[in-house]
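*Asks:* My questions all concern the structure below.
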Amino acid sequence: MTDRTSDISRQLLLLAAAVIAAVAAVIGSGALGGTPIAEAADGALAADATFVAPAGPAFAIWSLLYIGFLALAVWQALPAQRGNPRVRDLWWLIALSLLLNALWIATVQFGWIYVSVVVILALLATLAVIFARCLRSRPASRVEAVLLDGVMGLYLGWVIVATVANIAAALKAGGVGGLGLGAEPWAVVALVIAAAVGTALAFLSGGRVAFALAMIWGLAWIGVARFAEAPESAVVGSVAVAAAAVVALATVSAGLGRRNSALASPTS
């Protein structure tokens, strides 16, 4: 009875966290009296704010993510998932990530761009732990693979790109400047680091696709923005597109390596 009560409480808390995140997203979209994220904090996170800001259409991924969050929350609340060991292990981290997302929107709404960096770094760390724990065991079904591993993977990949943009926005807002190199060279450095992180995750995860798709999406839209919007930079745009290609190739390579290893391993 105690375990059953604990599981039901867990299911309801995660469902509540998803609803809070969704409501915060509606406010962050400009509805319910909120200010659109691109316009909040004096436009620090607008598509033309920094060299590593993705173009506006990139943020459409949030719609997919919020649908995924709500679908995951409803799925895990089903009686059949009450004792799911993977959800039991991850639910509080998932709930924390959703609440941190809502908190991030609140900090931007209030114009607290420096605080938003702290929040998004905490979110990134939480998602990294979720990703690592997902790799410990295999999903029990295709639905679980999509709603748990897939949604959280997309979330991580996008937040990696968003963290780069958020830090750059905070540095610009603080008048830090180019830190001795200039804003454009630092943008190149940041994109190279992002590509390296994506490559490392690809091989560590054996070619998991979800996080890579979100990273490729975000990096590609940074490239589009730099070719088509201010501040224009063919160099940064080219590096962003190349970074997306590197993550894609690393993911394919890691996936093929895992498949070949599985085929080569002896079966009983």
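Going through the structure tokens in order, the chains are called A, B, and so on, while each chain numbers its residues from 1 and the ligands are numbered from 1 in the order shown.
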Which residues of stretch 30-90 of chain A come within 12 Å of stretch 227-237 of chain A, and for each one, what is the closest pair of atoms and their distance in Å to one decimal, counting only C-alpha atoms, sorted by chain and residue number, as CSV?

*Replies:*
```
residue,atom,partner,partner_atom,distance
A:Ala46,CA,A:Ala230,CA,10.7
A:Ala47,CA,A:Glu229,CA,8.0
A:Asp48,CA,A:Ala230,CA,5.4
A:Ala49,CA,A:Pro231,CA,7.6
A:Thr50,CA,A:Pro231,CA,6.9
A:Phe51,CA,A:Pro231,CA,6.2
A:Val52,CA,A:Val236,CA,8.0
A:Ala53,CA,A:Pro231,CA,9.5
A:Pro54,CA,A:Glu229,CA,10.0
A:Ala55,CA,A:Glu229,CA,7.9
A:Gly56,CA,A:Glu229,CA,10.3
```

*Asks:* Just write the chosen residues, N, CA, C and O atoms, as a compact mmCIF listing (two decimals), in the first residue's frame.

*Replies:*
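Final output, saved to selection_28.txt:
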```txt
# COMPACT_ATOMS: atom_id res chain seq x y z
N ALA A 46 16.80 37.88 -28.53
CA ALA A 46 16.24 37.96 -29.87
C ALA A 46 17.17 37.32 -30.89
O ALA A 46 18.36 37.11 -30.62
N ALA A 47 16.65 37.01 -32.07
CA ALA A 47 17.43 36.32 -33.09
C ALA A 47 18.60 37.14 -33.59
O ALA A 47 19.58 36.59 -34.12
N ASP A 48 18.52 38.46 -33.43
CA ASP A 48 19.61 39.32 -33.89
C ASP A 48 20.44 39.89 -32.75
O ASP A 48 21.19 40.85 -32.92
N ALA A 49 20.33 39.28 -31.57
CA ALA A 49 21.01 39.82 -30.39
C ALA A 49 22.50 39.51 -30.37
O ALA A 49 23.31 40.35 -29.99
N THR A 50 22.88 38.30 -30.77
CA THR A 50 24.28 37.89 -30.72
C THR A 50 24.60 37.04 -31.94
O THR A 50 23.71 36.64 -32.69
N PHE A 51 25.87 36.71 -32.10
CA PHE A 51 26.31 35.89 -33.23
C PHE A 51 25.87 34.43 -33.10
O PHE A 51 25.91 33.69 -34.08
N VAL A 52 25.49 33.99 -31.89
CA VAL A 52 25.09 32.59 -31.71
C VAL A 52 23.60 32.45 -31.41
O VAL A 52 23.15 31.42 -30.91
N ALA A 53 22.83 33.48 -31.74
CA ALA A 53 21.38 33.41 -31.56
C ALA A 53 20.75 32.71 -32.76
O ALA A 53 20.99 33.11 -33.90
N PRO A 54 19.96 31.65 -32.55
CA PRO A 54 19.29 30.98 -33.67
C PRO A 54 18.22 31.88 -34.29
O PRO A 54 17.68 32.77 -33.63
N ALA A 55 17.92 31.67 -35.55
CA ALA A 55 16.84 32.40 -36.21
C ALA A 55 15.51 32.04 -35.57
O ALA A 55 15.34 30.96 -34.97
N GLY A 56 14.55 32.95 -35.69
CA GLY A 56 13.26 32.78 -35.04
C GLY A 56 12.58 31.43 -35.23
O GLY A 56 12.07 30.85 -34.27
```

*Asks:* Find the residues near A:Ala200: any atom within 9 Å, counting only C-alpha atoms, skip ones fewer than 5 places away on the same chain, and give them as a ChimeraX atom specification.

*Replies:* /A:195,205,250

*Asks:* So that I have them on file, write out the residues from the current selection with all heavy atoms, as a short mmCIF file (atom, residue, chain, number, x, y, z; two decimals), in the first residue's frame.

*Replies:*
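Below is the file that was written, again16.cif:
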```cif
data_model
loop_
_atom_site.label_atom_id
_atom_site.label_comp_id
_atom_site.auth_asym_id
_atom_site.auth_seq_id
_atom_site.Cartn_x
_atom_site.Cartn_y
_atom_site.Cartn_z
N ALA A 195 29.99 21.62 -30.97
CA ALA A 195 30.17 20.48 -31.86
C ALA A 195 30.93 19.36 -31.15
O ALA A 195 30.61 18.17 -31.31
CB ALA A 195 30.91 20.90 -33.12
N SER A 205 26.79 7.73 -26.12
CA SER A 205 25.44 7.17 -26.11
C SER A 205 25.24 6.09 -27.17
O SER A 205 24.16 5.51 -27.26
CB SER A 205 24.41 8.28 -26.33
OG SER A 205 24.52 8.82 -27.63
N ALA A 250 28.90 12.32 -36.58
CA ALA A 250 29.31 11.59 -35.38
C ALA A 250 28.19 10.65 -34.91
O ALA A 250 28.45 9.51 -34.50
CB ALA A 250 29.67 12.57 -34.26
#
```

*Asks:* Please identify which residues in stretch 65-156 of chain A DSSP calls helix (DSSP H, G or I) from the backbone, and express them as number ranges by chain.

*Replies:* A: 65-76, 79-81, 85-109, 113-134, 142-156

*Asks:* Between atom CA of A:Val151 and atom CA of A:Ile216, what distance in Å does the model show, to one decimal?

*Replies:*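 That distance, rounded to one decimal, is 15.4 Å.
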
*Asks:* Distance table requested - stretch 50-69 of chain A against stretch 9-30 of chain A, cut-off 10 Å, only C-alpha atoms: one row per qualifying residue with the closest atom pair and its distance in Å to one decimal, ordered by chain and rising residue number, as a Markdown table.

*Replies:*
```
| residue | atom | partner | partner_atom | distance |
| --- | --- | --- | --- | --- |
| A:Trp62 | CA | A:Ala25 | CA | 8.7 |
| A:Ser63 | CA | A:Ala25 | CA | 9.1 |
| A:Leu65 | CA | A:Ala22 | CA | 10.0 |
| A:Tyr66 | CA | A:Ala22 | CA | 6.5 |
| A:Ile67 | CA | A:Ala22 | CA | 8.8 |
| A:Gly68 | CA | A:Ala18 | CA | 9.7 |
| A:Phe69 | CA | A:Ala18 | CA | 6.1 |
```

*Asks:* Using N, CA, C and O atoms, can you write the selected residues to a file as an mmCIF file, in the first residue's frame?

*Replies:*
```cif
data_model
loop_
_atom_site.group_PDB
_atom_site.id
_atom_site.type_symbol
_atom_site.label_atom_id
_atom_site.label_comp_id
_atom_site.auth_asym_id
_atom_site.auth_seq_id
_atom_site.Cartn_x
_atom_site.Cartn_y
_atom_site.Cartn_z
ATOM 1 N N TRP A 62 10.152 24.280 -29.432
ATOM 2 C CA TRP A 62 9.529 24.285 -28.105
ATOM 3 C C TRP A 62 8.117 23.727 -28.153
ATOM 4 O O TRP A 62 7.668 23.074 -27.200
ATOM 5 N N SER A 63 7.390 23.980 -29.240
ATOM 6 C CA SER A 63 6.031 23.431 -29.358
ATOM 7 C C SER A 63 6.072 21.908 -29.312
ATOM 8 O O SER A 63 5.274 21.265 -28.619
ATOM 9 N N LEU A 65 8.457 20.114 -28.002
ATOM 10 C CA LEU A 65 8.901 19.692 -26.673
ATOM 11 C C LEU A 65 7.760 19.730 -25.666
ATOM 12 O O LEU A 65 7.590 18.789 -24.871
ATOM 13 N N TYR A 66 6.953 20.779 -25.686
ATOM 14 C CA TYR A 66 5.863 20.863 -24.709
ATOM 15 C C TYR A 66 4.800 19.802 -24.966
ATOM 16 O O TYR A 66 4.218 19.264 -24.016
ATOM 17 N N ILE A 67 4.556 19.495 -26.225
ATOM 18 C CA ILE A 67 3.661 18.376 -26.522
ATOM 19 C C ILE A 67 4.249 17.091 -25.955
ATOM 20 O O ILE A 67 3.546 16.268 -25.359
ATOM 21 N N GLY A 68 5.562 16.936 -26.118
ATOM 22 C CA GLY A 68 6.236 15.762 -25.573
ATOM 23 C C GLY A 68 6.177 15.705 -24.065
ATOM 24 O O GLY A 68 5.956 14.632 -23.476
ATOM 25 N N PHE A 69 6.380 16.842 -23.407
ATOM 26 C CA PHE A 69 6.315 16.879 -21.943
ATOM 27 C C PHE A 69 4.945 16.429 -21.448
ATOM 28 O O PHE A 69 4.840 15.624 -20.505
#
```

*Asks:* Which neighbours of stretch 112-128 of chain A fall inside 8 Å, counting only C-alpha atoms, when residues of the same chain fewer than 3 positions from it are skipped, and could you give them as a ChimeraX atom specification?

*Replies:* /A:41,44,93-94,96-97,100-101,103-104,107-109,131-132,152,155-156,159-160,163,166-167,169-170,173

*Asks:* Quick one: of A:Ala162, A:Val197, A:Leu263, A:Ala145, who's nearest to A:Trp217, counting only C-alpha atoms?

*Replies:*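 Using only C-alpha atoms, A:Trp217 sits closest to A:Ala162.
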
*Asks:* I'd like the neighbourhood of A:Ala190 as a ChimeraX atom specification, where a residue qualifies if any of its atoms comes within 10 Å (using only C-alpha atoms), though same-chain residues fewer than 2 positions away should be ignored.

*Replies:* /A:52,161,164-165,168,184-188,192-196,240

*Asks:* Set the distance at 7 Å and use only C-alpha atoms: which residues neighbour A:Leu72 once local chain neighbours fewer than 4 positions away are removed? I'd like the list as number ranges by chain.

*Replies:* A: 68, 76, 147-148

*Asks:* Check the smallest atom-to-atom distance from each of A:Ser261, A:Thr251, A:Ser6, A:Thr199 to A:Trp91 using only C-alpha atoms, then report the winner.

*Replies:*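 Selected residue with least distance to A:Trp91: A:Ser6.
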
*Asks:* Residues near A:Asp149, anyone? I mean within 10 Å using only C-alpha atoms, not counting same-chain ones fewer than 3 positions away, as a list in words.

*Replies:*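 Within the cut-off, the hits are Ile130, Phe131, Arg133, Cys134, Leu135, Arg138, Pro139, Arg142, Val143, Glu144, Ala145, Val146, Met152, Gly153, Leu154, Tyr155, Arg208, Val209, Ala210 and Phe211 of chain A.
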
*Asks:* Using only C-alpha atoms, which residue out of A:Ala225, A:Trp158, A:Lys172, A:Arg82 lies closest to A:Thr5?

*Replies:* A:Arg82
